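Below is the file coords.txt, which contains compact mmCIF, C-alpha atoms and all ligand atoms.
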# COMPACT_ATOMS: atom_id res chain seq x y z
CA MET S 17 -43.45 -169.36 149.65
CA VAL S 18 -41.23 -166.56 151.03
CA VAL S 19 -42.36 -162.97 150.42
CA LEU S 20 -40.02 -160.03 151.06
CA PHE S 21 -42.09 -156.86 151.63
CA GLY S 22 -40.02 -153.67 151.44
CA ALA S 23 -37.60 -155.32 149.01
CA THR S 24 -36.84 -151.99 147.29
CA GLY S 25 -35.53 -150.23 150.44
CA TYR S 26 -31.90 -150.27 151.58
CA THR S 27 -32.32 -153.15 154.04
CA GLY S 28 -34.77 -154.90 151.72
CA ARG S 29 -32.33 -154.89 148.79
CA ARG S 30 -29.55 -156.32 150.95
CA THR S 31 -31.95 -158.93 152.36
CA ALA S 32 -33.10 -159.91 148.86
CA GLU S 33 -29.50 -160.51 147.84
CA ALA S 34 -28.77 -162.48 151.04
CA MET S 35 -31.85 -164.63 150.36
CA VAL S 36 -30.93 -165.52 146.79
CA ARG S 37 -27.34 -166.25 147.85
CA ARG S 38 -28.83 -168.85 150.24
CA GLY S 39 -30.75 -170.39 147.32
CA LEU S 40 -34.14 -168.90 148.22
CA ARG S 41 -36.41 -167.51 145.51
CA PRO S 42 -38.36 -164.83 147.39
CA VAL S 43 -41.29 -162.98 145.86
CA LEU S 44 -40.17 -159.34 145.88
CA ALA S 45 -42.97 -157.09 147.16
CA GLY S 46 -43.24 -153.32 147.46
CA ARG S 47 -45.23 -150.31 146.36
CA SER S 48 -43.26 -149.44 143.20
CA ALA S 49 -43.51 -151.83 140.23
CA GLY S 50 -40.61 -150.04 138.52
CA ARG S 51 -38.24 -150.34 141.48
CA LEU S 52 -39.21 -153.98 142.02
CA THR S 53 -38.58 -154.85 138.37
CA SER S 54 -35.15 -153.20 138.32
CA LEU S 55 -34.20 -155.04 141.53
CA ALA S 56 -35.35 -158.37 140.04
CA GLN S 57 -33.35 -157.61 136.88
CA ARG S 58 -30.23 -156.72 138.91
CA LEU S 59 -30.45 -159.96 140.88
CA GLY S 60 -31.17 -161.85 137.66
CA ALA S 61 -28.04 -160.34 136.07
CA LEU S 62 -26.00 -161.70 139.01
CA GLY S 63 -27.09 -165.16 137.91
CA PHE S 64 -29.87 -165.84 140.41
CA GLY S 65 -32.61 -166.39 137.82
CA LYS S 66 -35.89 -164.54 137.43
CA LEU S 67 -37.74 -163.56 140.62
CA ASP S 68 -41.46 -162.81 140.81
CA VAL S 69 -42.49 -159.30 141.84
CA VAL S 70 -45.81 -158.09 143.27
CA THR S 71 -47.00 -154.62 144.25
CA ALA S 72 -48.61 -153.88 147.61
CA ASP S 73 -49.02 -150.63 149.52
CA ILE S 74 -49.69 -150.33 153.23
CA SER S 75 -52.39 -147.74 152.49
CA ASP S 76 -54.31 -150.60 150.79
CA ALA S 77 -54.66 -153.39 153.39
CA THR S 78 -56.19 -155.78 150.84
CA SER S 79 -53.06 -155.57 148.66
CA VAL S 80 -50.85 -156.51 151.65
CA ARG S 81 -53.20 -159.32 152.75
CA ALA S 82 -53.11 -160.72 149.18
CA LEU S 83 -49.32 -161.24 149.44
CA ILE S 84 -49.54 -164.34 151.64
CA GLY S 85 -51.52 -167.41 152.62
CA ARG S 86 -51.44 -169.87 155.54
CA GLY S 87 -47.95 -171.19 156.26
CA ASP S 88 -46.19 -168.71 153.96
CA VAL S 89 -43.24 -166.73 155.29
CA LEU S 90 -43.56 -162.93 155.20
CA VAL S 91 -40.40 -160.89 155.84
CA SER S 92 -41.06 -157.17 156.25
CA THR S 93 -38.47 -154.39 156.06
CA VAL S 94 -41.11 -151.68 155.59
CA GLY S 95 -40.28 -149.06 158.22
CA PRO S 96 -40.43 -146.93 160.34
CA PHE S 97 -42.47 -149.70 161.90
CA ILE S 98 -44.38 -147.63 164.45
CA ARG S 99 -45.83 -145.70 161.49
CA LEU S 100 -45.84 -148.27 158.65
CA GLY S 101 -45.51 -151.73 160.23
CA GLY S 102 -49.10 -152.55 161.26
CA ALA S 103 -50.39 -153.61 157.82
CA ALA S 104 -47.90 -156.45 157.29
CA LEU S 105 -48.35 -157.63 160.86
CA SER S 106 -52.16 -157.73 160.55
CA ALA S 107 -51.91 -159.52 157.21
CA ALA S 108 -49.63 -162.19 158.69
CA VAL S 109 -51.94 -162.73 161.67
CA ASP S 110 -55.06 -162.96 159.48
CA ALA S 111 -53.36 -165.36 157.05
CA GLY S 112 -51.84 -167.64 159.71
CA ALA S 113 -48.39 -166.94 158.24
CA ILE S 114 -44.89 -166.92 159.69
CA TYR S 115 -43.75 -163.31 160.03
CA LEU S 116 -40.25 -161.86 160.53
CA ASP S 117 -39.22 -158.21 160.45
CA SER S 118 -36.24 -155.87 160.74
CA THR S 119 -37.61 -153.48 163.35
CA GLY S 120 -35.66 -152.25 166.35
CA GLU S 121 -38.46 -149.98 167.64
CA PRO S 122 -39.59 -150.71 171.24
CA PRO S 123 -43.23 -149.51 170.92
CA PHE S 124 -43.71 -151.72 167.84
CA ILE S 125 -42.13 -154.72 169.58
CA ARG S 126 -44.53 -154.18 172.47
CA ARG S 127 -47.52 -154.19 170.10
CA VAL S 128 -46.30 -157.44 168.51
CA PHE S 129 -46.06 -159.25 171.84
CA GLU S 130 -49.05 -157.74 173.66
CA GLU S 131 -51.60 -156.91 170.96
CA PHE S 132 -50.88 -159.18 167.96
CA GLY S 133 -49.31 -162.18 169.77
CA PRO S 134 -52.54 -163.37 171.43
CA ARG S 135 -54.41 -162.99 168.12
CA ALA S 136 -51.66 -164.94 166.33
CA GLN S 137 -52.09 -167.83 168.77
CA GLN S 138 -55.70 -168.10 167.64
CA THR S 139 -55.00 -167.96 163.88
CA GLY S 140 -51.85 -170.13 163.96
CA ALA S 141 -49.56 -167.29 162.87
CA CYS S 142 -46.05 -166.98 164.29
CA LEU S 143 -44.58 -163.50 164.80
CA ILE S 144 -40.81 -163.17 165.15
CA THR S 145 -40.16 -159.45 165.38
CA ALA S 146 -36.79 -157.63 165.45
CA PHE S 147 -34.99 -160.50 163.73
CA GLY S 148 -31.88 -158.53 162.79
CA HIS S 149 -28.86 -156.97 164.48
CA ASP S 150 -31.52 -155.66 166.82
CA TYR S 151 -32.22 -157.97 168.70
CA VAL S 152 -31.13 -161.49 167.75
CA PRO S 153 -27.57 -161.32 169.22
CA GLY S 154 -28.77 -160.27 172.69
CA ASN S 155 -31.39 -163.01 172.77
CA LEU S 156 -28.70 -165.52 171.89
CA ALA S 157 -26.15 -164.16 174.39
CA GLY S 158 -28.81 -163.98 177.11
CA ALA S 159 -30.05 -167.53 176.46
CA LEU S 160 -26.49 -168.90 176.46
CA ALA S 161 -25.70 -167.05 179.72
CA LEU S 162 -28.91 -168.38 181.31
CA GLY S 163 -28.04 -171.90 180.15
CA SER S 164 -24.54 -171.84 181.64
CA SER S 165 -25.54 -170.50 185.09
CA ASP S 166 -25.57 -173.17 187.80
CA SER S 167 -27.48 -171.13 190.41
CA ALA S 168 -30.79 -169.25 190.15
CA VAL S 169 -30.47 -166.22 187.87
CA HIS S 170 -32.05 -163.05 189.26
CA ARG S 171 -31.08 -160.56 186.56
CA VAL S 172 -29.84 -160.65 182.96
CA GLU S 173 -28.19 -157.63 181.40
CA ILE S 174 -27.58 -157.37 177.67
CA GLY S 175 -25.24 -154.78 176.14
CA TYR S 176 -25.06 -153.84 172.46
CA LEU S 177 -21.85 -151.80 171.98
CA ILE S 178 -21.08 -150.33 168.57
CA GLU S 179 -17.46 -149.60 167.71
CA GLY S 180 -15.82 -147.92 164.70
CA THR S 181 -18.62 -145.53 163.73
CA GLY S 182 -16.29 -142.53 163.15
CA ARG S 183 -17.81 -139.38 161.62
CA SER S 184 -19.16 -140.93 158.39
CA GLN S 185 -22.79 -141.90 157.86
CA VAL S 186 -23.19 -145.48 159.07
CA ILE S 187 -26.99 -145.63 159.26
CA SER S 188 -29.53 -145.56 156.42
CA ARG S 189 -32.09 -142.79 155.99
CA GLY S 190 -34.74 -145.38 156.95
CA THR S 191 -32.96 -146.10 160.24
CA PHE S 192 -32.59 -142.37 160.92
CA ALA S 193 -36.35 -141.91 160.38
CA SER S 194 -37.05 -144.80 162.78
CA ILE S 195 -34.74 -143.33 165.47
CA VAL S 196 -36.38 -139.89 165.17
CA GLY S 197 -39.80 -141.50 165.65
CA LEU S 198 -38.57 -143.13 168.85
CA LEU S 199 -37.23 -140.00 170.56
CA THR S 200 -40.66 -139.02 171.80
CA GLU S 201 -41.97 -142.54 172.52
CA GLN S 202 -42.09 -144.54 175.75
CA SER S 203 -39.91 -147.63 176.09
CA PHE S 204 -40.02 -150.47 178.65
CA THR S 205 -38.06 -152.88 180.78
CA TRP S 206 -38.76 -156.14 182.68
CA ARG S 207 -39.24 -156.23 186.47
CA ALA S 208 -41.23 -159.45 187.01
CA GLY S 209 -43.46 -158.02 184.25
CA ILE S 210 -43.17 -155.42 181.51
CA GLN S 211 -42.85 -151.89 182.93
CA SER S 212 -43.08 -148.69 180.88
CA GLU S 213 -40.20 -146.25 181.18
CA PRO S 214 -38.43 -143.74 178.90
CA THR S 215 -35.54 -144.93 176.72
CA GLY S 216 -32.26 -144.30 178.53
CA SER S 217 -33.73 -144.51 182.05
CA ARG S 218 -30.54 -146.19 183.26
CA MET S 219 -26.95 -145.97 182.14
CA ARG S 220 -23.92 -148.20 182.71
CA THR S 221 -20.59 -148.84 181.09
CA PHE S 222 -19.44 -152.13 179.56
CA SER S 223 -15.80 -153.02 179.17
CA VAL S 224 -14.89 -153.84 175.54
CA GLY S 225 -11.26 -154.50 174.67
CA GLY S 226 -10.12 -152.65 177.81
CA ARG S 227 -12.27 -149.57 177.05
CA ASN S 228 -15.27 -148.42 179.07
CA CYS S 229 -18.21 -147.98 176.68
CA PRO S 230 -21.28 -146.09 177.98
CA ALA S 231 -24.71 -147.46 177.18
CA LEU S 232 -28.36 -146.52 177.83
CA THR S 233 -31.38 -148.78 178.45
CA ILE S 234 -33.76 -149.58 175.59
CA GLY S 235 -36.83 -151.83 175.21
CA SER S 236 -36.37 -154.95 173.07
CA THR S 237 -37.49 -158.55 172.59
CA GLU S 238 -35.16 -159.94 175.27
CA HIS S 239 -37.52 -158.48 177.90
CA TYR S 240 -40.31 -160.74 176.68
CA SER S 241 -38.49 -163.89 175.69
CA LEU S 242 -35.69 -164.36 178.25
CA PRO S 243 -38.08 -164.63 181.25
CA ARG S 244 -40.07 -167.27 179.35
CA LEU S 245 -36.87 -169.16 178.50
CA ALA S 246 -35.73 -169.02 182.14
CA GLY S 247 -38.92 -170.83 183.24
CA PRO S 248 -39.84 -171.29 186.93
CA PRO S 249 -39.11 -169.79 189.44
CA GLY S 250 -38.83 -166.90 186.97
CA LEU S 251 -36.38 -164.22 185.98
CA PRO S 252 -37.15 -161.06 187.99
CA GLU S 253 -35.05 -158.52 186.06
CA VAL S 254 -33.94 -157.99 182.45
CA ASP S 255 -32.22 -154.83 181.18
CA VAL S 256 -30.97 -154.21 177.65
CA TYR S 257 -28.46 -151.44 176.91
CA LEU S 258 -27.41 -149.83 173.64
CA GLY S 259 -24.10 -147.96 173.60
CA SER S 260 -21.04 -146.86 171.73
CA CYS S 261 -17.31 -147.37 172.08
CA GLY S 262 -16.42 -144.56 169.65
CA PRO S 263 -16.69 -140.77 169.40
CA ALA S 264 -20.48 -141.08 169.84
CA ALA S 265 -19.92 -142.17 173.45
CA ARG S 266 -19.60 -138.60 174.79
CA ALA S 267 -22.69 -137.49 172.85
CA LEU S 268 -24.56 -140.47 174.28
CA GLN S 269 -23.59 -139.51 177.83
CA LEU S 270 -24.60 -135.90 177.23
CA SER S 271 -27.92 -136.79 175.61
CA ALA S 272 -28.80 -139.05 178.54
CA ARG S 273 -28.50 -136.01 180.82
CA VAL S 274 -30.23 -133.35 178.72
CA THR S 275 -32.84 -135.17 176.57
CA PRO S 276 -35.42 -135.89 179.33
CA ALA S 277 -35.34 -132.22 180.45
CA LEU S 278 -35.61 -130.95 176.86
CA LEU S 279 -38.53 -133.25 176.00
CA ALA S 280 -40.41 -132.04 179.11
CA LEU S 281 -40.55 -128.47 177.70
CA PRO S 282 -43.93 -127.45 176.17
CA GLY S 283 -44.07 -128.22 172.41
CA ALA S 284 -40.70 -129.98 172.47
CA ARG S 285 -42.02 -133.33 171.26
CA SER S 286 -43.68 -132.03 168.12
CA ALA S 287 -40.62 -129.79 167.47
CA VAL S 288 -38.34 -132.85 167.65
CA ARG S 289 -40.55 -134.68 165.14
CA THR S 290 -40.62 -131.73 162.74
CA ILE S 291 -36.86 -131.13 162.93
CA GLY S 292 -36.19 -134.86 162.52
CA GLU S 293 -38.36 -135.12 159.40
CA PHE S 294 -36.63 -132.03 157.96
CA VAL S 295 -33.12 -133.36 158.67
CA ALA S 296 -34.04 -136.77 157.15
CA HIS S 297 -34.18 -135.10 153.71
CA TRP S 298 -30.46 -134.32 154.00
CA ILE S 299 -29.45 -137.85 154.96
CA ALA S 300 -28.27 -140.11 152.12
CA GLU S 301 -30.51 -143.14 151.52
CA GLU S 302 -27.56 -145.51 151.94
CA PRO S 303 -24.82 -145.48 154.57
CA ASP S 304 -21.19 -145.02 153.48
CA PRO S 305 -20.17 -148.62 152.57
CA LEU S 306 -16.49 -148.12 153.48
CA ALA S 307 -17.38 -146.67 156.89
CA LEU S 308 -19.91 -149.45 157.48
CA ALA S 309 -17.24 -152.05 156.76
CA ARG S 310 -15.23 -150.65 159.73
CA VAL S 311 -18.12 -151.05 162.21
CA THR S 312 -17.94 -153.81 164.80
CA SER S 313 -20.83 -154.72 167.03
CA HIS S 314 -20.05 -156.26 170.43
CA VAL S 315 -22.87 -157.95 172.33
CA VAL S 316 -22.58 -159.01 175.96
CA GLY S 317 -25.04 -161.13 177.94
CA ILE S 318 -24.47 -161.29 181.71
CA ALA S 319 -26.42 -163.38 184.24
CA TYR S 320 -26.38 -162.32 187.93
CA ASP S 321 -27.69 -163.90 191.11
CA ALA S 322 -29.84 -161.99 193.63
CA ALA S 323 -26.72 -160.64 195.39
CA GLY S 324 -25.43 -159.14 192.12
CA THR S 325 -22.65 -161.72 191.65
CA THR S 326 -21.90 -162.58 188.02
CA LEU S 327 -22.88 -166.19 187.28
CA ALA S 328 -22.12 -166.31 183.56
CA GLN S 329 -21.03 -163.98 180.78
CA VAL S 330 -21.28 -164.54 177.02
CA ARG S 331 -19.73 -162.26 174.39
CA LEU S 332 -20.59 -162.19 170.69
CA ARG S 333 -19.20 -160.06 167.88
CA SER S 334 -20.23 -159.18 164.32
CA GLY S 335 -19.31 -156.71 161.57
CA ASP S 336 -21.61 -154.47 159.48
CA PRO S 337 -25.00 -154.53 161.32
CA TYR S 338 -26.96 -154.23 158.04
CA GLN S 339 -25.24 -157.29 156.57
CA LEU S 340 -25.95 -159.19 159.78
CA THR S 341 -29.61 -158.13 159.60
CA ALA S 342 -29.90 -159.20 155.94
CA ASP S 343 -28.20 -162.55 156.58
CA LEU S 344 -30.24 -163.28 159.72
CA LEU S 345 -33.53 -162.49 157.95
CA ALA S 346 -32.49 -164.70 155.03
CA TRP S 347 -31.51 -167.56 157.36
CA GLY S 348 -34.70 -167.17 159.43
CA ALA S 349 -36.95 -167.13 156.36
CA GLN S 350 -35.30 -170.25 154.93
CA ARG S 351 -35.36 -172.10 158.25
CA ALA S 352 -39.03 -171.22 158.78
CA ALA S 353 -39.98 -172.22 155.23
CA GLU S 354 -38.14 -175.56 155.37
CA HIS S 355 -38.55 -176.63 159.02
CA GLY S 356 -41.38 -174.46 160.40
CA VAL S 357 -41.29 -172.84 163.83
CA SER S 358 -41.91 -174.14 167.33
CA ALA S 359 -45.36 -172.67 168.05
CA PRO S 360 -47.86 -169.97 167.10
CA GLY S 361 -47.88 -166.56 168.79
CA ALA S 362 -45.26 -163.85 169.28
CA LEU S 363 -41.93 -165.56 169.94
CA GLY S 364 -38.34 -164.54 170.59
CA PRO S 365 -35.70 -165.93 168.20
CA VAL S 366 -34.54 -168.71 170.55
CA GLU S 367 -38.13 -169.74 171.28
CA ALA S 368 -39.01 -169.84 167.57
CA PHE S 369 -36.02 -171.83 166.27
CA GLY S 370 -34.39 -173.46 169.30
CA LEU S 371 -31.01 -172.50 170.76
CA GLU S 372 -28.89 -174.93 168.76
CA ALA S 373 -30.38 -174.05 165.35
CA LEU S 374 -30.27 -170.32 166.05
CA GLU S 375 -26.64 -170.51 167.18
CA THR S 376 -25.75 -172.27 163.92
CA GLY S 377 -27.74 -169.76 161.86
CA ALA S 378 -26.22 -166.78 163.65
CA LEU S 379 -22.74 -168.16 163.04
CA GLN S 380 -23.52 -168.51 159.31
CA ALA S 381 -24.72 -164.88 159.38
CA GLY S 382 -21.37 -163.73 160.79
CA LEU S 383 -22.11 -163.54 164.51
CA CYS S 384 -19.29 -165.26 166.37
CA ARG S 385 -18.69 -166.06 170.02
CA VAL S 386 -15.55 -164.48 171.51
N1 LIG N 401 -33.08 -153.69 163.79
C1 LIG N 401 -32.03 -153.58 162.99
O1 LIG N 401 -30.96 -154.04 163.32
C2 LIG N 401 -32.27 -152.94 161.66
C3 LIG N 401 -31.34 -153.09 160.62
C4 LIG N 401 -31.65 -152.53 159.40
C5 LIG N 401 -32.85 -151.83 159.22
N2 LIG N 401 -33.70 -151.69 160.28
C6 LIG N 401 -34.99 -151.00 160.12
O2 LIG N 401 -35.64 -151.47 158.93
C7 LIG N 401 -36.45 -150.43 158.40
C8 LIG N 401 -36.09 -150.23 156.94
O3 LIG N 401 -34.83 -149.62 156.86
P1 LIG N 401 -34.27 -149.17 155.43
O4 LIG N 401 -32.93 -148.61 155.67
O5 LIG N 401 -34.42 -150.29 154.48
O6 LIG N 401 -35.31 -148.01 155.05
P2 LIG N 401 -35.77 -147.57 153.60
O7 LIG N 401 -34.64 -147.68 152.64
O8 LIG N 401 -36.44 -146.26 153.79
O9 LIG N 401 -36.86 -148.67 153.17
C9 LIG N 401 -38.20 -148.58 153.56
C10 LIG N 401 -39.03 -149.51 152.71
O10 LIG N 401 -40.41 -149.31 153.06
C11 LIG N 401 -41.14 -149.15 151.85
N3 LIG N 401 -42.35 -148.38 152.05
C12 LIG N 401 -42.47 -147.12 152.51
N4 LIG N 401 -43.76 -146.74 152.49
C13 LIG N 401 -44.46 -147.80 152.00
C14 LIG N 401 -45.82 -148.01 151.72
N5 LIG N 401 -46.74 -147.06 151.90
N6 LIG N 401 -46.21 -149.22 151.24
C15 LIG N 401 -45.29 -150.18 150.99
N7 LIG N 401 -43.98 -150.02 151.23
C16 LIG N 401 -43.58 -148.84 151.72
C17 LIG N 401 -40.19 -148.45 150.93
O11 LIG N 401 -40.63 -148.56 149.58
P3 LIG N 401 -40.04 -147.62 148.40
O12 LIG N 401 -38.74 -148.25 148.00
O13 LIG N 401 -41.07 -147.69 147.35
O14 LIG N 401 -39.86 -146.24 148.98
C18 LIG N 401 -38.91 -149.23 151.20
O15 LIG N 401 -38.93 -150.44 150.51
C19 LIG N 401 -36.21 -149.20 159.29
O16 LIG N 401 -37.23 -149.12 160.25
C20 LIG N 401 -34.88 -149.51 159.96
O17 LIG N 401 -34.74 -148.86 161.20
C21 LIG N 401 -33.42 -152.22 161.49
Could the structure of this file be written out as structure tokens, please?
Amino acid sequence: MVVLFGATGYTGRRTAEAMVRRGLRPVLAGRSAGRLTSLAQRLGALGFGKLDVVTADISDATSVRALIGRGDVLVSTVGPFIRLGGAALSAAVDAGAIYLDSTGEPPFIRRVFEEFGPRAQQTGACLITAFGHDYVPGNLAGALALGSSDSAVHRVEIGYLIEGTGRSQVISRGTFASIVGLLTEQSFTWRAGIQSEPTGSRMRTFSVGGRNCPALTIGSTEHYSLPRLAGPPGLPEVDVYLGSCGPAARALQLSARVTPALLALPGARSAVRTIGEFVAHWIAEEPDPLALARVTSHVVGIAYDAAGTTLAQVRLRSGDPYQLTADLLAWGAQRAAEHGVSAPGALGPVEAFGLEALETGALQAGLCRV
């Protein structure tokens, strides 16, 4: 059984549609019976038959635990994950279920790997976090770059570069809320082990189509899974960057310089949270669909030797990041339900499904190699 928790949200609705288009019949779960029923009716009217709905609220852990049993697949799009994500994760671990989510939040990813992963190994659960635009493409590009390097790889750098954002709203209100929650949180990188550091501790530019696109470091799943994929003698350094090739590039450069100083001021962190929550009320629930259709996401994975020489470089490209997220979650849920996953515990996407299957799934989801 596949259960989609958060089905009534923006990402959840798109994921539900992607699932039924693949022939899945997910149970639609959320806190509002009315919203779930109208979603089921809308999908039914498209000709996908009648879907079951079930209510569960994260404030009632028993209701979330009741969604799944051993071997079921739970897909969660209930976010912001650092505030709302723990209930689904705990339920999946306790049930021994296969869990996928749409988070992109570094502190939550860290909890999945360090706190819940060891528990999942004991219960037989498998946790595949951040299985969307963030951070499947970088895991794939990094694994492919590692696999095509003849000499020992010392460092892998991943770049996510967003192009075509313009001035229209291209993120959902839910994503905005998640980003606001992250501004005051610690992130991490990999230096022969996970090391805490603020988001944006390092900056570099990536060349995309002849343009230099600035990007800042961020914590993600590649830091956990690429060193394990590299195997002995180990992968000493992994850095993941998130950047922009559009008008946001200058703002990104500026924020990298001023944000750390601003956040160090007394009271600044709680002020940022309060302002962010206030601004969220003015953000539309859904991004502008026409603007979103113009967005292109470029992902680069580069493997270097110890002297800093490039050994291999892999480039991937996709369109609308929300469609990619919905299609990846739908593919992952179906693959997990029909073929299972490689092992229990917290796994990266390549570890969970294998490189060949993931590459095929990512291609079906619209992520192509360039
Ligand atoms: N990593 C990526 O590439 C990527 C891509 C897309 C989205 N995301 C992330 O996915 C998350 C969801 O985004 P979104 O745009 O779908 O946000 P959204 O529209 O706000 O959806 C949030 C969902 O959480 C549900 N929810 C909230 N409180 C709940 C509670 N107490 N119990 C049960 N369910 C509850 C909401 O239910 P109601 O409908 O009843 O309010 C809704 O279904 C965000 O964290 C976003 O950043 C990441």
Fewer than 5 positions away in the same chain doesn't count, so skip those; otherwise give me all residues within 10 Å of Ala359 in chain S, counting only C-alpha atoms, as a PyMOL selection string.
chain S and resi 137+140-143+367-369
Please identify every residue of range 65-111 of chain S that has at least one atom no farther than 10 Å from an atom of range 24-27 of chain S, counting only C-alpha atoms, and for each give the shortest atom pair and the distance in Å to one decimal, arranged by chain then increasing number, as JSON lines.
{"residue": "S:Ser92", "atom": "CA", "partner": "S:Thr27", "partner_atom": "CA", "distance": 9.9}
{"residue": "S:Thr93", "atom": "CA", "partner": "S:Thr27", "partner_atom": "CA", "distance": 6.6}
{"residue": "S:Val94", "atom": "CA", "partner": "S:Gly25", "partner_atom": "CA", "distance": 7.7}
{"residue": "S:Gly95", "atom": "CA", "partner": "S:Gly25", "partner_atom": "CA", "distance": 9.2}
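One finds CA of Glu33 in chain S at 26.7 Å from CA of Ser236 in chain S.
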Distance of CA of Gly361 in chain S from CA of Pro134 in chain S, expressed in Å to one decimal place:
6.2 Å
Among the residues S:Arg99, S:Arg135, S:Arg218, S:Arg126, the one that comes closest to ligand LIG 401 (chain N) [using all atoms listed in the file]
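Under the stated criterion, the closest residue is S:Arg99.
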One decimal, Å: what's the distance from CA of Gly102 in chain S over to atom C13 of ligand LIG 401 (chain N), could you say?
11.4 Å
Env of range 292-295 of chain S: 8 Å cut, atoms = all atoms listed in the file, seq-sep filter 4 positions within chain, self excluded. Answer as a PyMOL selection string.
chain S and resi 193+196+288+299
For each of S:Ala107, S:Ala362, S:Val89, S:Leu344, take the minimum atom-to-atom distance to ligand LIG 401 (chain N), counting all atoms listed in the file, then give the residue where this is smallest.
S:Leu344
Using all atoms listed in the file, which residues sit within 6 Å of range 155-166 of chain S once same-chain residues fewer than 3 positions away are excluded, as a PyMOL selection string?
chain S and resi 152+238+317+319+327-330
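Shortest separation to ligand LIG 401 (chain N) among S:Phe192, S:Phe204, S:Phe129, S:Trp347 occurs at residue S:Phe192, atoms counted being all atoms listed in the file.
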From the set S:Glu131, S:Glu302, S:Asp336, S:Glu354, which residue has the shortest atom-to-atom contact distance to Gln185 in chain S, counting all atoms listed in the file?
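For Gln185 in chain S, the nearest of the candidates is S:Glu302.
Distance check against ligand LIG 401 (chain N) using all atoms listed in the file: of S:Ile84, S:Ile187, S:Leu374, S:Leu62, the minimum falls on S:Ile187.
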If you count only C-alpha atoms, which residues fall within 10 Å of Leu116 in chain S, apart from same-chain ones fewer than 2 positions away, as number ranges by chain?
S: 20, 89-93, 104-105, 108, 113-114, 118-119, 142-148, 345-346, 348-349, 352, 365
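Neighbours of Tyr240 in chain S closer than or equal to 9 Å, with all atoms listed in the file counted and sequence neighbours fewer than 6 positions away skipped, come out as S:Arg126, S:Phe129, S:Trp206, S:Gly209, S:Ile210, S:Leu363, S:Gly364.
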Select, from S:Gln350, S:Ser260, S:Thr290, S:Ser75, the residue with the minimum atom-to-atom distance to Thr312 in chain S, counting only C-alpha atoms.
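Distance minimum relative to Thr312 in chain S lands on S:Ser260.
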Is there a way to complete range 357-368 of chain S with N, CA and C atoms and then write that out as a tab-separated table (two decimals), in the frame of the given file?
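Heads up, here's the output in rebuild32.tsv:
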chain	number	residue	atom	x	y	z
S	357	VAL	N	-41.69	-173.47	162.57
S	357	VAL	CA	-41.29	-172.84	163.83
S	357	VAL	C	-41.93	-173.60	164.97
S	358	SER	N	-41.52	-173.28	166.21
S	358	SER	CA	-41.91	-174.14	167.33
S	358	SER	C	-43.38	-174.05	167.70
S	359	ALA	N	-43.99	-172.86	167.55
S	359	ALA	CA	-45.36	-172.67	168.05
S	359	ALA	C	-45.94	-171.40	167.46
S	360	PRO	N	-47.29	-171.25	167.52
S	360	PRO	CA	-47.86	-169.97	167.10
S	360	PRO	C	-47.71	-168.92	168.19
S	361	GLY	N	-47.97	-167.66	167.83
S	361	GLY	CA	-47.88	-166.56	168.79
S	361	GLY	C	-46.68	-165.69	168.53
S	362	ALA	N	-46.44	-164.71	169.40
S	362	ALA	CA	-45.26	-163.85	169.28
S	362	ALA	C	-44.12	-164.50	170.05
S	363	LEU	N	-43.04	-164.82	169.34
S	363	LEU	CA	-41.93	-165.56	169.94
S	363	LEU	C	-40.62	-164.81	169.79
S	364	GLY	N	-39.71	-165.01	170.76
S	364	GLY	CA	-38.34	-164.54	170.59
S	364	GLY	C	-37.61	-165.49	169.66
S	365	PRO	N	-36.42	-165.10	169.16
S	365	PRO	CA	-35.70	-165.93	168.20
S	365	PRO	C	-35.33	-167.31	168.72
S	366	VAL	N	-34.92	-167.40	170.00
S	366	VAL	CA	-34.54	-168.71	170.55
S	366	VAL	C	-35.78	-169.58	170.71
S	367	GLU	N	-36.88	-168.98	171.14
S	367	GLU	CA	-38.13	-169.74	171.28
S	367	GLU	C	-38.60	-170.27	169.93
S	368	ALA	N	-38.48	-169.45	168.88
S	368	ALA	CA	-39.01	-169.84	167.57
S	368	ALA	C	-38.21	-170.96	166.93
